[in-house]
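J.: Input file: input_7.txt. Contents: compact mmCIF, C-alpha atoms and all ligand atoms.
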```txt
# COMPACT_ATOMS: atom_id res chain seq x y z
CA MET A 1 -3.10 6.08 -0.97
CA THR A 2 -1.41 9.36 -1.81
CA ILE A 3 -2.51 12.34 0.19
CA GLN A 4 -2.99 15.73 -1.31
CA TRP A 5 -1.03 17.73 1.23
CA PHE A 6 -2.67 20.99 2.13
CA PRO A 7 -1.29 23.32 4.84
CA GLY A 8 -3.97 22.12 7.28
CA HIS A 9 -2.97 18.49 6.73
CA MET A 10 0.69 19.30 7.23
CA ALA A 11 0.01 21.13 10.49
CA LYS A 12 -2.10 18.25 11.76
CA ALA A 13 0.45 15.60 10.75
CA ARG A 14 3.16 17.57 12.46
CA ARG A 15 1.07 17.90 15.61
CA GLN A 16 0.38 14.17 15.66
CA VAL A 17 4.05 13.28 15.34
CA THR A 18 5.00 15.82 18.00
CA GLU A 19 2.40 14.30 20.37
CA LYS A 20 3.75 10.79 19.86
CA LEU A 21 7.34 11.91 20.39
CA LYS A 22 6.54 12.25 24.09
CA LEU A 23 5.91 8.52 24.29
CA ILE A 24 9.07 7.22 22.71
CA ASP A 25 12.85 6.97 23.14
CA ILE A 26 13.89 6.83 19.51
CA VAL A 27 12.58 7.72 16.04
CA TYR A 28 13.07 5.46 13.05
CA GLU A 29 13.18 7.79 10.09
CA LEU A 30 12.27 5.68 7.11
CA VAL A 31 13.41 6.81 3.66
CA ASP A 32 13.60 5.20 0.23
CA ALA A 33 17.16 4.01 -0.43
CA ARG A 34 16.80 5.07 -4.08
CA ILE A 35 16.15 8.68 -3.04
CA PRO A 36 17.33 9.08 0.57
CA GLN A 37 17.24 12.88 0.35
CA SER A 38 14.14 13.42 -1.80
CA SER A 39 12.04 11.00 0.26
CA ARG A 40 12.76 12.86 3.51
CA ASN A 41 10.25 15.21 4.94
CA PRO A 42 11.70 18.69 4.51
CA MET A 43 10.96 19.67 8.12
CA ILE A 44 11.85 16.49 9.91
CA ASP A 45 14.90 17.91 11.70
CA GLU A 46 12.77 20.69 13.08
CA ILE A 47 9.97 18.34 14.13
CA ILE A 48 12.16 15.73 15.77
CA VAL A 49 14.27 17.89 18.01
CA ASN A 50 16.19 16.29 20.85
CA LYS A 51 15.14 12.74 20.04
CA PRO A 52 17.68 10.11 19.11
CA ARG A 53 17.17 8.95 15.57
CA LEU A 54 17.99 5.98 13.40
CA VAL A 55 17.77 6.55 9.65
CA LEU A 56 16.55 3.47 7.78
CA LEU A 57 17.23 3.28 4.06
CA ASN A 58 14.44 0.96 3.00
CA LYS A 59 13.95 -0.87 -0.31
CA VAL A 60 17.69 -1.33 -0.49
CA ASP A 61 17.02 -4.25 -2.85
CA LYS A 62 15.97 -1.68 -5.47
CA ALA A 63 18.85 0.77 -4.94
CA ASP A 64 22.31 0.89 -6.53
CA PRO A 65 24.54 -0.87 -3.95
CA ARG A 66 27.51 1.35 -4.79
CA VAL A 67 25.57 4.53 -3.98
CA THR A 68 23.98 2.96 -0.89
CA GLU A 69 27.52 2.43 0.44
CA GLN A 70 28.24 6.10 -0.24
CA TRP A 71 25.12 7.10 1.66
CA LEU A 72 26.04 4.93 4.65
CA ALA A 73 29.56 6.41 4.68
CA TYR A 74 28.07 9.89 4.47
CA TYR A 75 25.80 9.30 7.47
CA ARG A 76 28.70 7.82 9.44
CA GLU A 77 30.78 10.93 8.74
CA GLN A 78 27.93 13.11 9.97
CA GLY A 79 27.60 11.07 13.14
CA ILE A 80 24.13 9.90 12.14
CA TYR A 81 23.15 6.30 12.75
CA ALA A 82 21.85 4.70 9.57
CA LEU A 83 21.10 1.22 8.27
CA ALA A 84 20.16 -0.14 4.87
CA ILE A 85 17.17 -2.49 5.11
CA ASP A 86 14.71 -4.46 2.99
CA ALA A 87 11.49 -4.50 4.98
CA GLN A 88 9.71 -6.62 2.40
CA ALA A 89 12.21 -9.47 2.69
CA GLY A 90 12.90 -8.77 6.36
CA LYS A 91 16.57 -7.96 5.90
CA GLY A 92 18.25 -5.80 8.55
CA MET A 93 15.58 -6.29 11.23
CA LYS A 94 17.98 -7.57 13.90
CA GLN A 95 20.33 -4.67 13.27
CA ILE A 96 17.50 -2.23 14.00
CA VAL A 97 17.24 -3.58 17.53
CA SER A 98 21.00 -3.69 18.10
CA ALA A 99 21.56 -0.19 16.69
CA SER A 100 18.74 1.16 18.88
CA LYS A 101 20.38 -0.35 21.95
CA GLU A 102 23.70 1.18 21.01
CA ILE A 103 22.15 4.61 20.44
CA LEU A 104 20.27 4.52 23.76
CA GLN A 105 22.99 2.87 25.81
CA GLU A 106 23.86 6.06 27.65
CA LYS A 107 20.27 6.93 28.54
CA PHE A 108 19.63 3.44 29.87
CA ASP A 109 22.90 3.46 31.78
CA ARG A 110 21.79 6.70 33.44
CA MET A 111 18.47 5.12 34.39
CA LYS A 112 20.36 2.21 35.88
CA ALA A 113 22.60 4.55 37.86
CA LYS A 114 19.47 6.19 39.29
CA GLY A 115 18.52 2.84 40.73
CA ILE A 116 16.06 1.69 38.07
CA LYS A 117 17.22 -1.91 38.14
CA LYS A 118 15.50 -3.37 35.14
CA PRO A 119 15.34 -0.86 32.31
CA ARG A 120 12.15 -1.17 30.31
CA ALA A 121 12.06 -1.99 26.62
CA ILE A 122 13.11 0.67 24.13
CA ARG A 123 10.09 2.54 22.76
CA ALA A 124 10.20 3.54 19.13
CA MET A 125 8.07 4.97 16.37
CA ILE A 126 8.43 4.94 12.61
CA VAL A 127 8.18 8.22 10.75
CA GLY A 128 8.22 8.85 7.02
CA ILE A 129 6.45 10.09 3.92
CA PRO A 130 3.80 7.86 2.27
CA ASN A 131 4.96 4.74 0.40
CA VAL A 132 8.43 4.40 1.91
CA GLY A 133 7.38 1.10 3.51
CA LYS A 134 6.21 2.08 6.99
CA SER A 135 3.39 -0.50 7.18
CA THR A 136 5.60 -3.17 5.67
CA LEU A 137 8.26 -2.53 8.31
CA ILE A 138 5.76 -2.53 11.17
CA ASN A 139 4.38 -5.86 9.97
CA ARG A 140 7.88 -7.27 9.62
CA LEU A 141 8.93 -6.23 13.08
CA ALA A 142 5.62 -7.42 14.54
CA SER A 143 5.99 -10.73 12.66
CA LYS A 144 2.29 -10.60 11.91
CA LYS A 145 -0.09 -8.68 9.72
CA ILE A 146 -1.34 -5.47 11.31
CA ALA A 147 -4.23 -3.90 9.43
CA LYS A 148 -3.23 -0.87 7.44
CA THR A 149 -4.92 2.15 8.90
CA GLY A 150 -4.65 4.31 5.84
CA ASP A 151 -2.48 7.26 5.08
CA ARG A 152 -4.99 9.90 6.07
CA PRO A 153 -3.29 12.35 8.37
CA GLY A 154 -6.49 13.33 10.13
CA VAL A 155 -7.56 9.91 11.43
CA THR A 156 -7.50 9.54 15.19
CA GLN A 157 -6.35 6.17 16.45
CA ALA A 158 -5.76 4.59 19.80
CA GLN A 159 -2.06 3.97 20.33
CA GLN A 160 -0.88 0.47 20.79
CA TRP A 161 2.51 -0.96 21.41
CA ILE A 162 3.82 -3.83 19.37
CA LYS A 163 6.32 -6.00 21.18
CA VAL A 164 9.42 -6.82 19.16
CA GLY A 165 11.16 -9.47 21.26
CA ASN A 166 11.83 -8.36 24.83
CA GLU A 167 13.86 -5.33 24.04
CA LEU A 168 11.76 -3.17 21.77
CA GLU A 169 8.24 -1.78 21.71
CA LEU A 170 7.00 -0.09 18.57
CA LEU A 171 4.02 2.24 18.18
CA ASP A 172 1.58 0.48 15.88
CA THR A 173 0.78 3.62 13.91
CA PRO A 174 3.59 5.36 12.06
CA GLY A 175 4.02 9.09 11.85
CA ILE A 176 3.12 10.15 8.34
CA LEU A 177 4.77 13.29 7.06
CA TRP A 178 4.63 15.02 3.71
CA PRO A 179 7.18 14.93 0.90
CA LYS A 180 8.58 18.10 -0.61
CA PHE A 181 6.70 19.04 -3.73
CA GLU A 182 7.92 22.58 -4.35
CA ASP A 183 11.22 21.49 -5.84
CA GLU A 184 10.61 20.25 -9.37
CA VAL A 185 13.47 17.74 -9.43
CA VAL A 186 12.47 16.30 -6.05
CA GLY A 187 8.97 15.84 -7.46
CA TYR A 188 10.36 14.03 -10.51
CA LYS A 189 12.43 11.72 -8.35
CA LEU A 190 9.43 10.91 -6.15
CA ALA A 191 7.33 10.21 -9.24
CA THR A 192 10.04 8.14 -10.97
CA THR A 193 10.27 5.80 -7.99
CA GLY A 194 6.48 5.65 -7.62
CA ALA A 195 6.34 7.47 -4.29
CA ILE A 196 3.68 9.86 -5.54
CA LYS A 197 0.63 9.20 -7.66
CA ASP A 198 0.95 9.35 -11.41
CA THR A 199 -1.81 11.92 -11.66
CA ILE A 200 0.12 14.55 -9.72
CA LEU A 201 2.76 15.24 -12.36
CA ASN A 202 2.81 14.99 -16.13
CA MET A 203 4.08 11.49 -16.98
CA GLN A 204 5.97 12.61 -20.04
CA ASP A 205 7.85 15.22 -18.01
CA VAL A 206 8.69 12.60 -15.40
CA ALA A 207 9.91 10.18 -18.08
CA VAL A 208 12.02 12.91 -19.69
CA TYR A 209 13.68 13.52 -16.34
CA ALA A 210 14.18 9.78 -15.76
CA LEU A 211 15.60 9.10 -19.22
CA ARG A 212 18.01 12.03 -18.99
CA PHE A 213 19.15 10.76 -15.60
CA LEU A 214 19.63 7.22 -16.90
CA SER A 215 21.49 8.51 -19.98
CA SER A 216 24.07 10.22 -17.82
CA HIS A 217 24.24 7.87 -14.81
CA TYR A 218 23.22 4.44 -16.05
CA PRO A 219 23.92 4.43 -19.82
CA GLU A 220 24.73 0.72 -19.94
CA GLN A 221 21.51 -0.36 -18.28
CA LEU A 222 19.57 1.89 -20.63
CA THR A 223 21.21 0.66 -23.85
CA LYS A 224 20.93 -2.95 -22.74
CA ARG A 225 17.27 -2.80 -21.77
CA TYR A 226 16.14 -1.06 -24.94
CA ASN A 227 18.62 -2.60 -27.30
CA LEU A 228 20.12 0.72 -28.32
CA ASP A 229 23.41 0.98 -30.22
CA GLU A 230 23.98 4.38 -28.71
CA ILE A 231 21.96 6.86 -26.70
CA PRO A 232 20.71 9.75 -28.84
CA GLU A 233 21.50 13.13 -27.29
CA ASP A 234 18.15 14.51 -28.33
CA ILE A 235 15.51 13.38 -25.84
CA VAL A 236 12.78 13.09 -28.49
CA GLU A 237 15.01 10.80 -30.52
CA LEU A 238 15.58 8.69 -27.42
CA PHE A 239 11.81 8.43 -26.87
CA ASP A 240 11.41 7.51 -30.56
CA ALA A 241 14.08 4.82 -30.39
CA ILE A 242 12.49 3.19 -27.32
CA ALA A 243 9.00 3.49 -28.83
CA MET A 244 10.13 1.79 -32.05
CA ARG A 245 11.72 -1.11 -30.22
CA ARG A 246 8.75 -1.58 -27.93
CA GLY A 247 5.95 -0.96 -30.41
CA CYS A 248 4.61 2.18 -28.75
CA ILE A 249 3.34 3.36 -32.12
CA MET A 250 -0.14 4.58 -33.00
CA SER A 251 -1.89 4.16 -36.33
CA GLY A 252 -0.16 6.11 -39.07
CA GLY A 253 3.23 5.34 -37.54
CA ILE A 254 3.00 8.12 -34.96
CA VAL A 255 4.96 7.59 -31.76
CA ASP A 256 2.75 7.24 -28.69
CA TYR A 257 4.74 9.32 -26.19
CA ASP A 258 2.30 8.73 -23.32
CA LYS A 259 2.58 4.99 -23.72
CA THR A 260 6.38 5.19 -24.02
CA ALA A 261 6.60 7.31 -20.88
CA GLU A 262 4.38 4.87 -18.97
CA LEU A 263 6.40 1.90 -20.15
CA VAL A 264 9.74 3.41 -19.15
CA LEU A 265 8.49 4.43 -15.70
CA ARG A 266 6.83 1.08 -15.10
CA GLU A 267 10.05 -0.72 -16.02
CA ILE A 268 12.18 1.51 -13.80
CA ARG A 269 9.83 0.94 -10.85
CA THR A 270 9.78 -2.82 -11.34
CA ASP A 271 13.59 -2.98 -11.47
CA LYS A 272 13.76 -4.00 -15.14
CA LEU A 273 16.70 -1.64 -15.58
CA GLY A 274 18.43 -3.04 -12.53
CA THR A 275 19.15 -1.32 -9.24
CA LEU A 276 19.07 2.47 -9.48
CA THR A 277 19.64 5.41 -7.15
CA PHE A 278 18.60 8.95 -7.99
CA ASP A 279 20.00 10.91 -5.04
CA TYR A 280 23.67 11.30 -4.22
CA PRO A 281 25.06 12.24 -0.81
CA ASN A 282 26.42 15.70 -1.54
CA LYS A 283 25.07 19.21 -1.46
CA SER A 284 23.42 19.15 -4.86
CA GLY A 285 22.07 15.64 -4.50
CA GLU A 286 23.40 14.91 -7.98
CA ALA A 287 26.47 12.93 -9.02
CA GLU A 288 29.60 15.08 -9.16
P1 LIG A 301 3.79 3.12 3.69
O1 LIG A 301 3.16 2.41 4.85
O2 LIG A 301 5.00 3.90 4.08
O3 LIG A 301 2.83 3.98 2.91
O4 LIG A 301 4.33 2.03 2.65
P2 LIG A 301 3.92 0.48 2.48
O5 LIG A 301 4.41 -0.31 3.64
O6 LIG A 301 2.50 0.40 2.12
O7 LIG A 301 4.85 0.11 1.24
C1 LIG A 301 4.70 0.72 -0.03
C2 LIG A 301 5.14 -0.25 -1.11
O8 LIG A 301 6.54 -0.52 -0.98
C3 LIG A 301 4.44 -1.61 -1.04
O9 LIG A 301 4.31 -2.10 -2.36
C4 LIG A 301 5.47 -2.47 -0.32
O10 LIG A 301 5.33 -3.85 -0.60
C5 LIG A 301 6.75 -1.92 -0.90
N1 LIG A 301 7.91 -2.14 -0.03
C6 LIG A 301 8.05 -1.87 1.28
N2 LIG A 301 9.29 -2.17 1.72
C7 LIG A 301 9.97 -2.67 0.66
C8 LIG A 301 11.32 -3.15 0.48
O11 LIG A 301 12.16 -3.17 1.38
N3 LIG A 301 11.62 -3.57 -0.78
C9 LIG A 301 10.75 -3.53 -1.81
N4 LIG A 301 11.16 -3.95 -3.01
N5 LIG A 301 9.49 -3.09 -1.66
C10 LIG A 301 9.10 -2.66 -0.45
P3 LIG A 301 2.98 -1.96 -3.17
O12 LIG A 301 3.31 -2.30 -4.57
O13 LIG A 301 2.32 -0.64 -2.90
O14 LIG A 301 2.06 -3.00 -2.54
P4 LIG A 301 2.20 -4.59 -2.63
O15 LIG A 301 2.54 -4.90 -4.04
O16 LIG A 301 3.26 -5.03 -1.69
O17 LIG A 301 0.85 -5.04 -2.23
```
Please render this file's structure as structure tokens.
Ligand code: G4P

T.:
Amino acid sequence: MTIQWFPGHMAKARRQVTEKLKLIDIVYELVDARIPQSSRNPMIDEIIVNKPRLVLLNKVDKADPRVTEQWLAYYREQGIYALAIDAQAGKGMKQIVSASKEILQEKFDRMKAKGIKKPRAIRAMIVGIPNVGKSTLINRLASKKIAKTGDRPGVTQAQQWIKVGNELELLDTPGILWPKFEDEVVGYKLATTGAIKDTILNMQDVAVYALRFLSSHYPEQLTKRYNLDEIPEDIVELFDAIAMRRGCIMSGGIVDYDKTAELVLREIRTDKLGTLTFDYPNKSGEAE
């Protein structure tokens, strides 16, 4: 479910995350590996002050491995702990526990020095915008199906801890924060990857963005998928070429641009064009 984020919802979501922070040792900030920057909540650094954090690049199976490596190197350089995971397939789960232990080593050593003989399990919570895979990750770590509570930021729930082995306890409800809509390009990236509902933005605009991006960053995948000899510079011609090859034509031979846009976006989201990443780890977020 995609939430329409109004200021009241944002304030409430923020309050709920802030409340839960008191209960935990570490935050797992879940982002989409295809758009690690655009799928972050714009205020997360402000909300999660003074809490150790582990950034989890989820859906790594859908992201360009070359750019994922660049992102991991970038985080390392910044001194931020980050892991690439695939919550759906359960890849990277063990590393979450070991990285958490490493991050919290000092705190637990201090507790030990104070005479607390047997340090308790690490307490963690998952935070992220809708659709990044929070429920999937909770279920994976819990090794059982936990009912999805819905993405409504206003719902009050009793907190429960999920035991992950002996060393980790996870809050059963994730912190849900809002994506950044104000920036047009961020919105297009969120829509291209399916993070926000198709009714929020104009599909043709989103497809124009996506096709321009693919033309400059993934030309081979684009030509291969749509059997193009070359990529026309003019975006309308590119739409036309794809529509012709895929039969997105209305009666009278008119190109059905809505259908073409839907087809392209559906195929991007279902990995038909291969692994793709739309954010780059530099100031602009674009390839340099
Ligand atoms: P949320 O709680 O953060 O809102 O996200 P949720 O877990 O509901 O996941 C959103 C979608 O992303 C789901 O697909 C889920 O299966 C998929 N997903 C989560 N983690 C991964 C991953 O690591 N790799 C891939 N490829 N997909 C992942 P859906 O189409 O909405 O639902 P369904 O088809 O699984 O039923």

J.: Hey, which residues come within 9 Å of ligand LIG 301 (chain A) if we count all atoms listed in the file? Could you give them as a ChimeraX atom specification?

T.: /A:1-2,30-33,57-62,85-91,127-139,148,150-151,174,176,194-195,270-271

J.: Find the residues around A:Asp64 up to 6 Å (only C-alpha atoms counted), leave out those fewer than 2 positions away in its own chain, and share them as a PyMOL selection string.

T.: chain A and resi 66-67+275-277

J.: Pick out the residues sitting within 8 Å of A:Ala82, and hand them over as JSON, numbers by chain; count all atoms listed in the file, and ignore anything fewer than 5 positions along from it in its own chain.

T.: {"A": [54, 55, 56, 57, 72, 75, 76]}

J.: Using atom CA of A:Leu238 and atom CA of A:Val208 as the two end points, give the distance in Å to one decimal.

T.: 9.5 Å

J.: Nearest to A:Asn227 among A:Tyr74, A:Gln37, A:Ala210, A:Arg246, with distances taken over only C-alpha atoms: which residue is it?

T.: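 Of A:Tyr74, A:Gln37, A:Ala210, A:Arg246, the one nearest A:Asn227, counting only C-alpha atoms, is A:Arg246.
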
J.: Go ahead and compute the interatomic distance for atom CA of A:Asp234 and atom CA of A:Ile35, in Å to one decimal.

T.: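 Separation of atom CA of A:Asp234 and atom CA of A:Ile35: 26.0 Å.
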
J.: Provide the atom CA of A:Ile200 to atom CA of A:Pro36 distance in Å, to one decimal place.

T.: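 So the answer is 20.8 Å.
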
J.: Please identify all polymer residues within 9 Å of stretch 15-29 of chain A, counting only C-alpha atoms, omitting same-chain residues fewer than 6 positions from it, and present them as an NGL selection string.

T.: :A and (40 or 44 or 47-48 or 51-57 or 96 or 100 or 103-104 or 122-128 or 153-154 or 159 or 170-171 or 174-177)

J.: If you count only C-alpha atoms, which residues fall within 9 Å of stretch 112-121 of chain A, apart from same-chain ones fewer than 3 positions away, as a ChimeraX atom specification?

T.: /A:107-109,163,166-169

J.: Can you work out which one of A:Asp205, A:Arg269, A:Ile231, A:Arg140 has the shortest atom-to-atom distance to A:Gly92, counting all atoms listed in the file?

T.: A:Arg140

J.: Which of these, A:Ile254, A:Leu141, A:Val264, A:Val49, has the shortest distance to A:Gln204 once you count only C-alpha atoms?

T.: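 Ranked by minimum distance to A:Gln204, first place goes to A:Val264.
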
J.: When you count only C-alpha atoms, which of these residues is closest to A:Glu237: A:Leu211, A:Met93, A:Thr173, A:Arg266?

T.: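 Counting only C-alpha atoms, the residue closest to A:Glu237 is A:Leu211.
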
J.: Which of these, A:Ala13, A:Ser39, A:Ile162, A:Pro281, has the shortest distance to A:Val185 once you count only C-alpha atoms?

T.: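 Of all the options, A:Ser39 lies closest to A:Val185.
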